[in-house]
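Peer 1: My structure is below; once you've seen it, I'll send some questions.
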Amino acid sequence: MLADRMKTLAPSPTLAMQAKAKAMRAQGIDVISFGAGEPDFDTPDRIKAAAIRAIEKGQTKYTEVGGIPELRAAVCQKFKRDNGLEYAPDEVTVSCGAKHTLYNIVMALINPGDEVLIPSPYWVSYPEQVRLLGGVPVPVLTPEATGFDLDPAELRRAVTPRTRMVVIDSPGNPTGAVFSPEALTAVAKLAVERDLWIVSDECYESLTYEGRHVSIASLSSEVKARTIVVNTCSKAYAMTGWRIGYAGGPKPVIKAMTDVQSQVTSNPTSIAQWAAVEALSGPQDEVAKMAGEFDRRRRVIIPALNAIPGVTCVMPKGAFYAFPNVSGLFGKRAKAGVLRGSADVCAFLLDEARIATVAGVDFGSDAHIRLSYATGLDTIKEGLRRMAAAVRTLEG
Ligand SMILES: Cc1ncc(COP(=O)(O)O)c(C=O)c1O
């Protein structure tokens, strides 16, 4: 018999879709994947070389739990350089990817029954991690009409005496939304007023296409004192497999997160840590290069989606996801039956267009599906051509 907590745990749907597309490919079916949550670029050579050097030098043993001093120094320097945030080395910690960092935060700060405000549509792991530890995720609807910007009034309405934390994810997965300065200010004001923790997931910071990324922690020292800023090497440096995420925040919280980690995983891989030192402190030009390429793709995929009857898509301001509204296709008949929700649309697109997408229902909105444009331009064009052709075959 499995533990009770497994009754509500949903496995990651994005990884499930990737696995299904891979299995179809193994059968010789030509599937185009828009499922991936990772850059299609290779990790830059300078970073690989740093890892090779670490192996050759024998830097292959246990390290400090929260990261080698060199990496914590590089993280501090990164926060200062990119976000104007001053942290001491004992105010930052390094984990096995930001997903792990976020889990450590929930472990350190959330008691059973505590409520966590999560703007919706959301990245699936936020509510799952909170639920896993007995917390209560409270979705706060962000309106599509404003490009999924956080609505301060909605946020305020969701607060109860049990609210303990608000999570913000900007630029966000799955919507690509970048929260407006007004929204960030409203979150900060509310958190100070109601004594809430702010978790600011800034994993897609480097993929901000319109304007400059602003960390909510930089709004004031009062806000910084209640914020844990989370980031990762995964997206900015195409390092998803290396598993290096990190956080900056108040010393007692960072210590608690590190203590949790000391009993669960210990340090992240020593070799990956040395690679991350190079990633964060070496020349940053490839970051902007990759962002430029994603931006070009964004400008191709969004108009192509909007050209499909029954599909509308707001222009995302960051990350590498399109989150089109496909509710205009609901009620139409495909070979396998009438499309009634986002999962039906994804199944239809996989069967009839041989393109892999992810159902919005898993991200809190059944009217949408998610397409990652972390794939080449030609693939995007072909995938969208197939999607448009498949949609034309729908009846009704
Ligand atoms: C919003 C968001 N946060 C965090 C992560 C975790 O990244 P990693 O664990 O690879 O650092 C992801 C990955 O998809 C993400 O989309």
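Each chain of the structure tokens is named A, B, ... in the order shown, its residues numbered from 1; ligands are numbered from 1 in display order.
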Give me, as a PDB file with C-alpha atoms, in the first residue's frame, the set of residues whose atoms come within 10 Å of any atom of ligand 1, counting only C-alpha atoms and all ligand atoms.

Peer 2:
```pdb
ATOM      1  CA  THR A  14       5.159  17.492 -19.630  1.00  0.00           C
ATOM      2  CA  LEU A  15       7.603  14.660 -19.066  1.00  0.00           C
ATOM      3  CA  ALA A  36      10.048  20.155 -24.338  1.00  0.00           C
ATOM      4  CA  GLY A  37      10.677  22.476 -21.432  1.00  0.00           C
ATOM      5  CA  GLU A  38      14.312  22.871 -22.331  1.00  0.00           C
ATOM      6  CA  SER A  95      20.445  22.622  -5.191  1.00  0.00           C
ATOM      7  CA  CYS A  96      19.890  19.904  -7.792  1.00  0.00           C
ATOM      8  CA  GLY A  97      17.918  22.163 -10.134  1.00  0.00           C
ATOM      9  CA  ALA A  98      15.442  24.910  -9.273  1.00  0.00           C
ATOM     10  CA  LYS A  99      12.706  22.300  -8.900  1.00  0.00           C
ATOM     11  CA  HIS A 100      14.677  20.962  -5.950  1.00  0.00           C
ATOM     12  CA  THR A 101      15.284  24.501  -4.638  1.00  0.00           C
ATOM     13  CA  LEU A 102      11.538  25.144  -4.699  1.00  0.00           C
ATOM     14  CA  TYR A 122       0.817  27.809 -13.306  1.00  0.00           C
ATOM     15  CA  TRP A 123       3.825  25.571 -13.685  1.00  0.00           C
ATOM     16  CA  VAL A 124       2.559  22.177 -12.540  1.00  0.00           C
ATOM     17  CA  SER A 125       5.156  21.541  -9.851  1.00  0.00           C
ATOM     18  CA  TYR A 126       4.097  24.467  -7.621  1.00  0.00           C
ATOM     19  CA  ILE A 168       5.379  34.451  -8.656  1.00  0.00           C
ATOM     20  CA  ASP A 169       6.795  33.078 -11.868  1.00  0.00           C
ATOM     21  CA  SER A 170       7.813  35.837 -14.255  1.00  0.00           C
ATOM     22  CA  PRO A 171       8.574  35.316 -17.092  1.00  0.00           C
ATOM     23  CA  GLY A 172       6.188  32.461 -16.593  1.00  0.00           C
ATOM     24  CA  ASN A 173       5.666  28.902 -17.651  1.00  0.00           C
ATOM     25  CA  PRO A 174       3.262  28.097 -19.369  1.00  0.00           C
ATOM     26  CA  GLY A 176       5.186  33.460 -21.116  1.00  0.00           C
ATOM     27  CA  SER A 200      10.056  34.602  -6.937  1.00  0.00           C
ATOM     28  CA  ASP A 201      10.863  32.007  -9.588  1.00  0.00           C
ATOM     29  CA  GLU A 202      13.125  33.826 -12.041  1.00  0.00           C
ATOM     30  CA  CYS A 203      14.272  30.793 -14.022  1.00  0.00           C
ATOM     31  CA  TYR A 204      13.317  32.423 -17.341  1.00  0.00           C
ATOM     32  CA  VAL A 230      14.959  31.222  -7.240  1.00  0.00           C
ATOM     33  CA  ASN A 231      16.982  30.774 -10.387  1.00  0.00           C
ATOM     34  CA  THR A 232      18.692  28.037 -12.388  1.00  0.00           C
ATOM     35  CA  CYS A 233      21.438  27.364 -14.881  1.00  0.00           C
ATOM     36  CA  SER A 234      18.997  25.176 -16.845  1.00  0.00           C
ATOM     37  CA  LYS A 235      17.391  27.686 -19.172  1.00  0.00           C
ATOM     38  CA  ALA A 238      21.087  25.253 -21.838  1.00  0.00           C
ATOM     39  CA  MET A 239      22.122  23.144 -18.826  1.00  0.00           C
ATOM     40  CA  THR A 240      18.922  21.261 -17.966  1.00  0.00           C
ATOM     41  CA  GLY A 241      20.717  17.939 -17.486  1.00  0.00           C
ATOM     42  CA  TRP A 242      23.395  19.343 -15.160  1.00  0.00           C
ATOM     43  CA  ARG A 243      20.839  20.032 -12.405  1.00  0.00           C
ATOM     44  CA  ILE A 244      22.003  23.273 -10.833  1.00  0.00           C
ATOM     45  CA  GLY A 245      19.416  25.596  -9.306  1.00  0.00           C
ATOM     46  CA  TYR A 246      20.014  28.232  -6.664  1.00  0.00           C
ATOM     47  CA  ALA A 319      10.180  32.224 -21.687  1.00  0.00           C
ATOM     48  CA  PHE A 320       9.810  29.888 -24.688  1.00  0.00           C
ATOM     49  CA  TYR A 321       6.176  28.833 -24.572  1.00  0.00           C
TER      50      TYR A 321
END
```

Peer 1: From range 58-277 of chain A, collect each residue whose DSSP state is helix (DSSP H, G or I) and return the set as an MDAnalysis selection string.

Peer 2: chainID A and resid 69:83 89:91 98:109 125:132 144:146 152:158 181:194 216:218 221:224 240:242 251:264 270:277

Peer 1: Range 381-392 of chain A: which residues within 10 Å, counting only C-alpha atoms, same-chain residues fewer than 2 positions away excluded, as number ranges by chain?

Peer 2: A: 31-34, 297, 300-302, 304-305, 307-311, 329, 332, 334, 345, 348-356, 376-379, 394-395

Peer 1: Which residue, A:Thr63, A:Thr93, A:Asn111, A:Thr142, has the smallest gap to Lys255 in chain A when you use only C-alpha atoms?

Peer 2: A:Thr93

Peer 1: Write out as number ranges by chain which residues come within 10 Å of Arg156 in chain A when counting only C-alpha atoms, dropping same-chain ones fewer than 3 positions away.

Peer 2: A: 117, 140, 151-153, 159-160, 186-187, 190

Peer 1: What does the file look like for those residues with N, CA and C atoms, as a short mmCIF file (atom, residue, chain, number, x, y, z; two decimals), in the first residue's frame?

Peer 2:
```
data_model
loop_
_atom_site.label_atom_id
_atom_site.label_comp_id
_atom_site.auth_asym_id
_atom_site.auth_seq_id
_atom_site.Cartn_x
_atom_site.Cartn_y
_atom_site.Cartn_z
N LEU A 117 -0.54 31.05 -2.39
CA LEU A 117 -1.18 31.64 -3.56
C LEU A 117 -0.33 31.39 -4.80
N VAL A 140 -4.75 31.59 -8.30
CA VAL A 140 -5.26 32.95 -8.48
C VAL A 140 -5.28 33.20 -9.98
N ASP A 151 -3.50 39.95 -11.54
CA ASP A 151 -4.51 40.95 -11.21
C ASP A 151 -4.49 41.17 -9.69
N PRO A 152 -4.02 42.33 -9.24
CA PRO A 152 -3.88 42.56 -7.79
C PRO A 152 -5.18 42.34 -7.03
N ALA A 153 -6.32 42.67 -7.64
CA ALA A 153 -7.60 42.52 -6.93
C ALA A 153 -7.90 41.03 -6.71
N VAL A 159 -6.65 35.97 -0.40
CA VAL A 159 -5.95 35.91 0.89
C VAL A 159 -6.90 35.54 2.02
N THR A 160 -6.45 34.63 2.90
CA THR A 160 -7.21 34.27 4.10
C THR A 160 -6.23 34.32 5.28
N ALA A 186 2.08 45.44 -6.32
CA ALA A 186 0.90 45.00 -5.55
C ALA A 186 1.22 43.74 -4.73
N VAL A 187 1.97 42.81 -5.32
CA VAL A 187 2.36 41.60 -4.59
C VAL A 187 3.20 41.99 -3.38
N LEU A 190 1.09 43.67 -0.65
CA LEU A 190 0.26 42.69 0.04
C LEU A 190 1.09 41.82 0.99
#
```

Peer 1: Between A:Thr175, A:Asn104, A:Thr265, A:Ser206, which has the minimum distance to Tyr62 in chain A (counting only C-alpha atoms)?

Peer 2: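 Comparing A:Thr175, A:Asn104, A:Thr265, A:Ser206 against Tyr62 in chain A, the winner is A:Thr265.
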
Peer 1: Would you mind listing what lies within 10 Å of Arg5 in chain A as an NGL selection string, with only C-alpha atoms counted and same-chain residues fewer than 6 positions away left out?

Peer 2: :A and (131-134)

Peer 1: Quick one: write out the picked residues with all heavy atoms as a short mmCIF file (atom, residue, chain, number, x, y, z; two decimals), in the first residue's frame?

Peer 2:
```
data_model
loop_
_atom_site.label_atom_id
_atom_site.label_comp_id
_atom_site.auth_asym_id
_atom_site.auth_seq_id
_atom_site.Cartn_x
_atom_site.Cartn_y
_atom_site.Cartn_z
N ARG A 131 1.06 20.52 -2.15
CA ARG A 131 0.13 19.47 -1.71
C ARG A 131 0.86 18.30 -1.07
O ARG A 131 0.44 17.74 -0.08
CB ARG A 131 -0.67 18.96 -2.91
CG ARG A 131 -2.17 19.28 -2.80
CD ARG A 131 -2.97 18.49 -3.81
NE ARG A 131 -2.52 18.69 -5.16
CZ ARG A 131 -2.98 19.64 -5.98
NH1 ARG A 131 -3.90 20.47 -5.56
NH2 ARG A 131 -2.52 19.75 -7.22
N LEU A 132 1.99 17.95 -1.67
CA LEU A 132 2.78 16.82 -1.19
C LEU A 132 3.15 16.99 0.28
O LEU A 132 3.26 16.03 1.02
CB LEU A 132 4.05 16.73 -2.05
CG LEU A 132 4.79 15.42 -2.22
CD1 LEU A 132 3.86 14.28 -2.58
CD2 LEU A 132 5.84 15.58 -3.31
N LEU A 133 3.34 18.24 0.70
CA LEU A 133 3.77 18.50 2.06
C LEU A 133 2.62 18.98 2.95
O LEU A 133 2.83 19.55 4.01
CB LEU A 133 4.92 19.51 2.05
CG LEU A 133 6.15 18.94 1.32
CD1 LEU A 133 7.25 19.98 1.20
CD2 LEU A 133 6.69 17.71 2.04
N GLY A 134 1.39 18.78 2.47
CA GLY A 134 0.22 19.07 3.31
C GLY A 134 -0.26 20.51 3.23
O GLY A 134 -1.21 20.88 3.92
#
```

Peer 1: Tell me which protein, DNA and RNA residues are within 8 Å of Leu150 in chain A, counting only C-alpha atoms, leaving out same-chain ones fewer than 2 positions away, and put them as JSON, numbers by chain.

Peer 2: {"A": [119, 141, 142, 143, 148, 152, 155, 179, 180, 183]}

Peer 1: I need the residues from that last selection saved to file as a CSV table (one decimal), in the first residue's frame (with C-alpha atoms), if you can.

Peer 2:
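Result saved to part.csv:
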```
chain,number,residue,atom,x,y,z
A,119,PRO,CA,-1.1,32.6,-10.1
A,141,LEU,CA,-6.6,33.4,-12.0
A,142,THR,CA,-4.6,35.7,-14.3
A,143,PRO,CA,-6.7,37.1,-17.1
A,148,PHE,CA,-1.9,36.7,-18.1
A,152,PRO,CA,-3.9,42.6,-7.8
A,155,LEU,CA,-4.7,38.2,-5.5
A,179,PHE,CA,4.2,40.6,-14.7
A,180,SER,CA,3.8,44.3,-14.9
A,183,ALA,CA,1.5,43.7,-10.4
```

Peer 1: Among range 201-297 of chain A, which residues does DSSP mark as strand (DSSP E) when it is run on the backbone? Keep the chain and numbering as in the structure and answer as a PyMOL selection string.

Peer 2: chain A and resi 201+227-232+245-248

Peer 1: With only C-alpha atoms as the atoms that count, which of A:Gly35, A:Thr8, A:Pro69, A:Val214 lies nearest to Cys346 in chain A?

Peer 2: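 Of A:Gly35, A:Thr8, A:Pro69, A:Val214, the one nearest Cys346 in chain A is A:Gly35, counting only C-alpha atoms.
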
Peer 1: Could you tell me how far CA of Tyr87 in chain A lies from CA of Thr227 in chain A, in Å and to one decimal?

Peer 2: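 Computed distance, CA of Tyr87 in chain A to CA of Thr227 in chain A, equals 12.1 Å.
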